[in-house]
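*Asks:* Attaching a single structure in structure tokens format; questions to follow.
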Amino acid sequence: ICSKSENQRSERKEEEKRKTDNLMEGLMSARINPIRAFYRRHQSPSIPTFIAQLARRVYINPIGMMKHPKPFNSVAASIRPLEGSALGRLDNTLPSKEVLEVWRNADAVCFDVDSTVCLDEGIDELAEFCGAGKAVAEWTARAMSGSVPFEEALAARLSLFNPSLSQVHDFLEKRPSRISPRIDELVKKLKANNTTVYLISGGFRQMINPVASILGIPPENIFANQLLFGNSGEFLGFDTNEPTSRSGGKATAVQQIRKAHGYKALVMIGDGATDLEARKPGGADLFICYAGVLIGWFSILEI
């Protein structure tokens, strides 16, 4: 009986090892194929060339990475500029085992909203609806790249069209946010693994609340800006008390989340420089650069 039990344990260990080997082999040989139905090909000045190159080469399936019960040591992992000699080769674009372990064991995942959870930049869409699309989009690119303070860019964009409350209501009714394909599936998988999901955005709650409702994310898990209106619905500005209304705000929000809940492993997913800031001390353990909207939709690697 003892011999049979030992053999079964040995077989289980071998099976786990084979799964791990298959996982890494799959990553090494991954092929990326465009899904034409959602393809949007345009290059943004907010995304450095090396990130665009990386995104074309490597995509990891977060849906397939299930939580692993084994404890781990937090690792500092993020997208960093590659050395000039490495740009052509991109030999270091595959995630390490440590990075995969952080993802599997994350007890909180924070998502950017615009061009990540949703296909569009909310403020750009609202500005276009109000007749100031092009000018505002230029400011958005500058804000995402970090070339100007975020609060300055936010105020400048809003001043170009001063949306009224009735305009915002009309916009939400006629142009509801387009949610990224399979994001609902990913959120469900994370919740099934007891991973708490947050939305952290430089956009506005008025536009994000309906998206959060669809995804089943409670209002208290949203960190975003708030448009302010007068008694007659006239535009007054935005709430400067929100951490996401200023530069470094997403990092502050992530730090607040971590301090309040004591998460052992926290991941930030986004597409801009303001999302990468979340990797500051006391913030995210891992930053995942999501470039799917900016350079085109790709099939997801099944692991």
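By convention in this document, the chains of the structure tokens carry letters A, B, ... by their order, each chain's residues are numbered from 1, and ligands are numbered from 1 in the order they are shown.
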What's the 7 Å shell around Ile179 of chain A, counting only C-alpha atoms, without same-chain residues fewer than 3 positions away, as a ChimeraX atom specification?
*Replies:* /A:117-119
*Asks:* Can you list, as an MDAnalysis selection string, all residues belonging to segment 95-191 of chain A that DSSP tags as strand (DSSP E)?
*Replies:* chainID A and resid 108:111
*Asks:* Measure the distance from atom CA of Val211 of chain A to atom CA of Thr196 of chain A in Å and round it to one decimal.
*Replies:*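 Atom-to-atom, atom CA of Val211 of chain A and atom CA of Thr196 of chain A are spaced 16.4 Å apart.
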*Asks:* Between atom CA of Pro219 of chain A and atom CA of Leu199 of chain A, what is the distance in Å, rounded to a tenth?
*Replies:*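 So the two atoms, atom CA of Pro219 of chain A and atom CA of Leu199 of chain A, lie 9.4 Å apart.
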*Asks:* Taking the backbone alone, and naming residues the way the document does, which bits of segment 134-238 of chain A are helix (DSSP H, G or I) by DSSP, as a PyMOL selection string?
*Replies:* chain A and resi 134-145+150-159+165-174+183-192+205-215+219-221
*Asks:* Would you output that residue set with C-alpha atoms, as a PDB file, in the first residue's frame?
*Replies:*
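Okay, again_20.pdb is ready:
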```
ATOM      1  CA  LYS A 134      -8.491  66.567 -32.573  1.00  0.00           C
ATOM      2  CA  ALA A 135      -7.145  69.224 -30.208  1.00  0.00           C
ATOM      3  CA  VAL A 136      -7.992  67.162 -27.129  1.00  0.00           C
ATOM      4  CA  ALA A 137      -6.458  63.971 -28.579  1.00  0.00           C
ATOM      5  CA  GLU A 138      -3.124  65.767 -28.982  1.00  0.00           C
ATOM      6  CA  TRP A 139      -3.180  66.726 -25.322  1.00  0.00           C
ATOM      7  CA  THR A 140      -4.100  63.154 -24.357  1.00  0.00           C
ATOM      8  CA  ALA A 141      -1.003  61.792 -26.111  1.00  0.00           C
ATOM      9  CA  ARG A 142       1.172  64.269 -24.234  1.00  0.00           C
ATOM     10  CA  ALA A 143      -0.432  63.345 -20.919  1.00  0.00           C
ATOM     11  CA  MET A 144       0.046  59.601 -21.469  1.00  0.00           C
ATOM     12  CA  SER A 145       3.698  60.023 -22.414  1.00  0.00           C
ATOM     13  CA  PHE A 150      -1.169  65.217 -15.819  1.00  0.00           C
ATOM     14  CA  GLU A 151      -3.227  67.825 -13.967  1.00  0.00           C
ATOM     15  CA  GLU A 152      -2.136  70.469 -16.475  1.00  0.00           C
ATOM     16  CA  ALA A 153      -3.086  68.285 -19.420  1.00  0.00           C
ATOM     17  CA  LEU A 154      -6.441  67.355 -17.856  1.00  0.00           C
ATOM     18  CA  ALA A 155      -7.409  70.979 -17.204  1.00  0.00           C
ATOM     19  CA  ALA A 156      -6.270  72.043 -20.682  1.00  0.00           C
ATOM     20  CA  ARG A 157      -8.284  69.325 -22.401  1.00  0.00           C
ATOM     21  CA  LEU A 158     -11.486  70.085 -20.522  1.00  0.00           C
ATOM     22  CA  SER A 159     -11.113  73.833 -21.128  1.00  0.00           C
ATOM     23  CA  LEU A 165     -24.076  67.786 -17.746  1.00  0.00           C
ATOM     24  CA  SER A 166     -26.648  67.356 -20.526  1.00  0.00           C
ATOM     25  CA  GLN A 167     -23.877  66.782 -23.071  1.00  0.00           C
ATOM     26  CA  VAL A 168     -22.322  64.095 -20.869  1.00  0.00           C
ATOM     27  CA  HIS A 169     -25.707  62.373 -20.493  1.00  0.00           C
ATOM     28  CA  ASP A 170     -26.303  62.509 -24.259  1.00  0.00           C
ATOM     29  CA  PHE A 171     -22.818  61.140 -24.893  1.00  0.00           C
ATOM     30  CA  LEU A 172     -23.269  58.195 -22.532  1.00  0.00           C
ATOM     31  CA  GLU A 173     -26.602  57.351 -24.134  1.00  0.00           C
ATOM     32  CA  LYS A 174     -25.460  57.638 -27.756  1.00  0.00           C
ATOM     33  CA  ILE A 183     -11.934  41.512 -20.512  1.00  0.00           C
ATOM     34  CA  ASP A 184     -15.122  40.274 -18.849  1.00  0.00           C
ATOM     35  CA  GLU A 185     -13.793  36.727 -19.027  1.00  0.00           C
ATOM     36  CA  LEU A 186     -10.497  37.789 -17.468  1.00  0.00           C
ATOM     37  CA  VAL A 187     -12.221  39.615 -14.621  1.00  0.00           C
ATOM     38  CA  LYS A 188     -14.373  36.538 -13.920  1.00  0.00           C
ATOM     39  CA  LYS A 189     -11.274  34.333 -13.830  1.00  0.00           C
ATOM     40  CA  LEU A 190      -9.548  36.688 -11.414  1.00  0.00           C
ATOM     41  CA  LYS A 191     -12.574  36.787  -9.129  1.00  0.00           C
ATOM     42  CA  ALA A 192     -12.828  32.998  -9.229  1.00  0.00           C
ATOM     43  CA  ARG A 205     -16.384  58.249 -12.992  1.00  0.00           C
ATOM     44  CA  GLN A 206     -19.416  59.294 -15.038  1.00  0.00           C
ATOM     45  CA  MET A 207     -18.063  57.156 -17.918  1.00  0.00           C
ATOM     46  CA  ILE A 208     -16.383  54.430 -15.878  1.00  0.00           C
ATOM     47  CA  ASN A 209     -19.278  53.540 -13.553  1.00  0.00           C
ATOM     48  CA  PRO A 210     -21.330  51.854 -16.331  1.00  0.00           C
ATOM     49  CA  VAL A 211     -18.266  49.804 -17.366  1.00  0.00           C
ATOM     50  CA  ALA A 212     -17.584  48.765 -13.774  1.00  0.00           C
ATOM     51  CA  SER A 213     -21.231  47.735 -13.402  1.00  0.00           C
ATOM     52  CA  ILE A 214     -21.014  45.456 -16.445  1.00  0.00           C
ATOM     53  CA  LEU A 215     -17.828  43.847 -15.111  1.00  0.00           C
ATOM     54  CA  PRO A 219     -17.850  51.521  -6.826  1.00  0.00           C
ATOM     55  CA  GLU A 220     -15.440  51.398  -3.890  1.00  0.00           C
ATOM     56  CA  ASN A 221     -12.914  49.656  -6.155  1.00  0.00           C
TER      57      ASN A 221
END
```
*Asks:* Could you work out how far atom CA of Leu236 of chain A lies from atom CA of Asn162 of chain A, giving the answer in Å with one decimal?
*Replies:* 8.2 Å
*Asks:* Counting only C-alpha atoms, which of A:Trp103, A:Phe235, A:Phe161, A:Phe204 gets nearest to Asp285 of chain A?
*Replies:* A:Trp103
